[in-house]
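S.K.: Next up, target-v4.txt (compact mmCIF, C-alpha atoms).
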# COMPACT_ATOMS: atom_id res chain seq x y z
CA MET A 256 104.25 29.10 94.71
CA PRO A 257 107.57 30.74 93.74
CA ILE A 258 109.47 32.92 96.20
CA VAL A 259 110.90 36.22 94.99
CA THR A 260 113.81 37.89 96.76
CA MET A 261 115.00 41.44 96.15
CA ASN A 262 116.38 44.48 97.93
CA VAL A 263 113.73 47.18 98.29
CA ASN A 264 114.76 50.60 99.56
CA GLY A 265 117.91 49.13 101.07
CA LYS A 266 116.20 46.22 102.82
CA ASP A 267 116.37 42.58 101.72
CA VAL A 268 112.85 41.19 101.30
CA SER A 269 111.24 38.05 99.97
CA GLY A 270 107.77 36.70 99.55
CA ASP A 271 105.61 34.05 97.94
CA VAL A 272 104.13 35.23 94.65
CA GLU A 273 102.16 33.74 91.84
CA GLY A 274 103.97 33.78 88.52
CA ARG A 275 101.65 36.50 87.26
CA THR A 276 102.10 38.84 90.25
CA LEU A 277 103.11 42.31 89.12
CA LEU A 278 105.89 44.19 90.85
CA VAL A 279 103.45 46.95 91.85
CA GLU A 280 101.23 44.36 93.52
CA PHE A 281 104.17 42.83 95.37
CA LEU A 282 105.29 46.26 96.61
CA ARG A 283 101.82 47.40 97.67
CA GLU A 284 100.28 44.16 98.94
CA ASN A 285 103.22 42.18 100.28
CA LEU A 286 105.41 45.03 101.53
CA SER A 287 102.73 47.69 102.28
CA LEU A 288 104.65 50.25 100.20
CA THR A 289 101.62 52.09 98.90
CA GLY A 290 103.43 55.17 97.57
CA THR A 291 103.72 53.43 94.21
CA HIS A 292 100.31 53.98 92.65
CA VAL A 293 98.26 51.92 90.22
CA GLY A 294 96.61 54.26 87.76
CA CYS A 295 95.84 52.59 84.48
CA ASP A 296 97.00 48.95 84.65
CA THR A 297 98.21 49.31 81.05
CA SER A 298 101.61 51.03 81.43
CA GLN A 299 100.24 54.31 80.05
CA CYS A 300 100.11 56.71 83.01
CA GLY A 301 103.43 56.32 84.87
CA ALA A 302 101.96 56.51 88.38
CA CYS A 303 103.68 53.19 89.12
CA VAL A 304 107.27 54.15 88.21
CA VAL A 305 109.96 52.66 90.44
CA HIS A 306 113.67 52.12 89.86
CA VAL A 307 114.95 48.59 89.30
CA ASP A 308 118.73 48.36 89.39
CA GLY A 309 118.86 52.12 88.86
CA LYS A 310 116.55 52.25 85.86
CA ALA A 311 113.01 53.65 85.84
CA VAL A 312 110.41 50.99 85.06
CA LYS A 313 106.65 50.87 85.13
CA SER A 314 105.93 48.39 87.87
CA CYS A 315 102.39 47.71 86.62
CA SER A 316 103.83 45.91 83.61
CA THR A 317 106.80 44.25 85.31
CA LEU A 318 106.46 40.82 86.85
CA ALA A 319 107.68 40.61 90.43
CA LEU A 320 109.68 37.51 89.54
CA SER A 321 111.60 39.49 86.91
CA ALA A 322 112.99 41.62 89.76
CA GLU A 323 114.54 38.56 91.43
CA GLY A 324 117.81 39.66 93.03
CA ALA A 325 117.33 43.27 91.91
CA LYS A 326 117.73 46.48 93.84
CA VAL A 327 114.35 48.26 93.79
CA THR A 328 113.79 51.84 94.89
CA THR A 329 110.29 53.18 95.47
CA ILE A 330 109.21 56.69 96.38
CA GLU A 331 109.42 55.63 100.04
CA GLY A 332 113.15 55.00 99.61
CA VAL A 333 114.08 58.38 98.12
CA ALA A 334 114.17 60.54 101.28
CA ARG A 335 117.11 60.06 103.63
CA ASN A 336 117.13 60.37 107.42
CA GLY A 337 113.79 62.15 107.45
CA GLU A 338 114.92 64.74 104.90
CA LEU A 339 113.19 65.04 101.56
CA HIS A 340 115.33 64.34 98.53
CA PRO A 341 116.04 67.57 96.57
CA MET A 342 113.64 66.38 93.85
CA GLN A 343 110.87 65.80 96.38
CA ALA A 344 111.55 69.18 98.01
CA ALA A 345 111.41 70.85 94.58
CA PHE A 346 107.97 69.38 93.90
CA LYS A 347 106.80 70.81 97.21
CA ALA A 348 108.43 74.22 96.71
CA ASN A 349 107.28 74.63 93.12
CA HIS A 350 103.72 73.33 93.59
CA GLY A 351 104.42 70.42 91.24
CA LEU A 352 101.38 68.53 92.48
CA GLN A 353 97.70 69.01 93.03
CA CYS A 354 95.85 65.81 93.81
CA GLY A 355 99.21 64.03 94.27
CA PHE A 356 98.25 60.79 92.55
CA CYS A 357 100.85 61.07 89.78
CA THR A 358 103.51 62.68 91.99
CA PRO A 359 105.41 59.54 93.11
CA GLY A 360 105.78 58.43 89.50
CA MET A 361 106.73 61.94 88.38
CA VAL A 362 109.42 62.21 91.07
CA MET A 363 110.82 58.80 90.17
CA ALA A 364 110.76 59.66 86.46
CA GLY A 365 112.42 63.01 87.23
CA LEU A 366 115.23 61.28 89.09
CA ASP A 367 115.74 58.95 86.15
CA ILE A 368 115.81 61.87 83.70
CA VAL A 369 118.53 63.57 85.74
CA LYS A 370 120.54 60.37 85.94
CA ARG A 371 120.41 59.90 82.18
CA ARG A 372 120.40 63.49 80.91
CA GLY A 373 122.28 65.47 83.56
CA LYS A 374 121.42 68.32 85.88
CA LYS A 375 120.99 71.08 83.30
CA LEU A 376 117.68 70.21 81.74
CA LYS A 377 115.74 72.24 79.21
CA GLU A 378 111.97 72.43 79.44
CA GLU A 379 111.50 70.70 76.09
CA THR A 380 113.75 67.82 77.17
CA ILE A 381 111.75 67.27 80.35
CA ARG A 382 108.44 67.46 78.50
CA ALA A 383 109.61 64.90 75.94
CA GLU A 384 110.94 62.60 78.65
CA LEU A 385 107.65 62.75 80.58
CA GLU A 386 105.56 61.53 77.64
CA GLY A 387 104.84 58.27 79.48
CA ASN A 388 103.60 60.02 82.64
CA ILE A 389 100.12 61.47 82.82
CA CYS A 390 98.89 64.20 85.15
CA ARG A 391 95.23 65.11 85.03
CA CYS A 392 95.46 68.17 87.28
CA THR A 393 98.47 70.42 86.80
CA GLY A 394 98.97 71.01 83.11
CA TYR A 395 102.62 69.97 83.66
CA HIS A 396 104.08 73.49 83.93
CA ASN A 397 104.93 73.21 87.63
CA ILE A 398 106.03 69.59 87.24
CA VAL A 399 108.59 70.63 84.63
CA LYS A 400 109.66 73.55 86.84
CA SER A 401 109.98 71.16 89.79
CA ILE A 402 112.17 68.72 87.88
CA GLN A 403 114.41 71.55 86.66
CA ASP A 404 114.74 72.90 90.18
CA GLY A 405 115.29 69.49 91.74
CA ALA A 406 117.91 68.61 89.12
CA SER A 407 119.84 71.79 89.81
CA LYS A 408 120.00 70.94 93.53
CA MET A 409 121.05 67.33 93.19
Please express what this file holds, its structure, as structure tokens.
M.R.:
Amino acid sequence: MPIVTMNVNGKDVSGDVEGRTLLVEFLRENLSLTGTHVGCDTSQCGACVVHVDGKAVKSCSTLALSAEGAKVTTIEGVARNGELHPMQAAFKANHGLQCGFCTPGMVMAGLDIVKRRGKKLKEETIRAELEGNICRCTGYHNIVKSIQDGASKM
């Protein structure tokens, strides 16, 4: 069985994986990082978004072996020293979640949007950028508001 090695949330990790093991499975099952959710298994919902080498990817359609040597950040690696990241705090302050299932993926997608598009984000830009992330509860209004607020405080 192949061994995969990567840096996850600032920690070097490795583990035996089958060639078909998905990154989301490796994170959840091998590393017990269950904040990354599995929603659809078809790369449609975005609940599994993580950052690989600084880029948002859907970990349910990424093989663990393809992240060999990569720097991976999950929702568990966003807060620092017990303090929520400004994007996480904005989701809390602006009620950007209800059931919370999509929230880790939304936060990770929001961070990626800010990295690529800057801190001054228009509502229509955020909505267009979130096309690959599904929320069944909120209607997106407070998610968009949260990302705008979080971006402004980053």
S.K.: Check the smallest atom-to-atom distance from each of A:Ile381, A:Leu320, A:Ile389, A:Ala348 to Pro257 (chain A) using only C-alpha atoms, then report the winner.
M.R.: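 Nearest to Pro257 (chain A): A:Leu320.
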S.K.: Do a neighbour search on Ala311 (chain A) at 9 Å with all atoms listed in the file, toss out local chain neighbours closer than 2 positions, and write the hits as JSON, numbers by chain.
M.R.: {"A": [304, 305, 306, 307, 308, 309, 313, 363, 364, 366, 367, 368]}
S.K.: Counting only C-alpha atoms, what is within 8 Å of region 285-295 of chain A, bar same-chain residues fewer than 3 positions away, as an mmCIF file with C-alpha atoms, in the coordinates of the input?
M.R.:
data_model
loop_
_atom_site.group_PDB
_atom_site.id
_atom_site.type_symbol
_atom_site.label_atom_id
_atom_site.label_comp_id
_atom_site.auth_asym_id
_atom_site.auth_seq_id
_atom_site.Cartn_x
_atom_site.Cartn_y
_atom_site.Cartn_z
ATOM 1 C CA GLY A 270 107.770 36.700 99.550
ATOM 2 C CA VAL A 279 103.450 46.950 91.850
ATOM 3 C CA GLU A 280 101.230 44.360 93.520
ATOM 4 C CA PHE A 281 104.170 42.830 95.370
ATOM 5 C CA LEU A 282 105.290 46.260 96.610
ATOM 6 C CA SER A 298 101.610 51.030 81.430
ATOM 7 C CA GLN A 299 100.240 54.310 80.050
ATOM 8 C CA CYS A 300 100.110 56.710 83.010
ATOM 9 C CA GLY A 301 103.430 56.320 84.870
ATOM 10 C CA ALA A 302 101.960 56.510 88.380
ATOM 11 C CA CYS A 303 103.680 53.190 89.120
ATOM 12 C CA VAL A 304 107.270 54.150 88.210
ATOM 13 C CA VAL A 305 109.960 52.660 90.440
ATOM 14 C CA CYS A 315 102.390 47.710 86.620
ATOM 15 C CA THR A 329 110.290 53.180 95.470
ATOM 16 C CA ILE A 330 109.210 56.690 96.380
ATOM 17 C CA GLU A 331 109.420 55.630 100.040
ATOM 18 C CA PHE A 356 98.250 60.790 92.550
ATOM 19 C CA CYS A 357 100.850 61.070 89.780
ATOM 20 C CA PRO A 359 105.410 59.540 93.110
ATOM 21 C CA GLY A 360 105.780 58.430 89.500
#
S.K.: Counting all atoms listed in the file, figure out which residue out of A:Gly405, A:Gly265, A:Gly274, A:Gly394 gets nearest to Gln353 (chain A).
M.R.: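 Of A:Gly405, A:Gly265, A:Gly274, A:Gly394, the one nearest Gln353 (chain A) is A:Gly394, counting all atoms listed in the file.
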S.K.: In terms of the shortest atom-to-atom distance over only C-alpha atoms, which of A:Gly373, A:Pro341, A:Gly387, A:Gly351 is closest to Met409 (chain A)?
M.R.: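 Residue with the minimum atom-to-atom distance to Met409 (chain A): A:Pro341.
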S.K.: Please rebuild region 301-312 of chain A with N, CA and C atoms and give the result as a compact mmCIF listing (two decimals), in the frame of the given file.
M.R.:
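Final output, rebuild12.txt:
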# COMPACT_ATOMS: atom_id res chain seq x y z
N GLY A 301 102.19 56.07 84.15
CA GLY A 301 103.43 56.32 84.87
C GLY A 301 103.30 56.52 86.37
N ALA A 302 102.13 56.34 86.94
CA ALA A 302 101.96 56.51 88.38
C ALA A 302 102.70 55.42 89.16
N CYS A 303 103.06 54.35 88.48
CA CYS A 303 103.68 53.19 89.12
C CYS A 303 105.20 53.13 88.96
N VAL A 304 105.83 54.20 88.49
CA VAL A 304 107.27 54.15 88.21
C VAL A 304 108.07 53.94 89.48
N VAL A 305 108.97 52.95 89.40
CA VAL A 305 109.96 52.66 90.44
C VAL A 305 111.29 52.49 89.71
N HIS A 306 112.37 52.39 90.46
CA HIS A 306 113.67 52.12 89.86
C HIS A 306 114.06 50.68 90.17
N VAL A 307 114.45 49.95 89.15
CA VAL A 307 114.95 48.59 89.30
C VAL A 307 116.38 48.60 88.79
N ASP A 308 117.30 48.30 89.70
CA ASP A 308 118.73 48.36 89.39
C ASP A 308 119.10 49.70 88.74
N GLY A 309 118.52 50.78 89.29
CA GLY A 309 118.86 52.12 88.86
C GLY A 309 118.15 52.63 87.63
N LYS A 310 117.26 51.86 87.07
CA LYS A 310 116.55 52.25 85.86
C LYS A 310 115.05 52.39 86.14
N ALA A 311 114.45 53.45 85.64
CA ALA A 311 113.01 53.65 85.84
C ALA A 311 112.23 52.61 85.04
N VAL A 312 111.29 51.95 85.72
CA VAL A 312 110.41 50.99 85.06
C VAL A 312 108.99 51.21 85.55
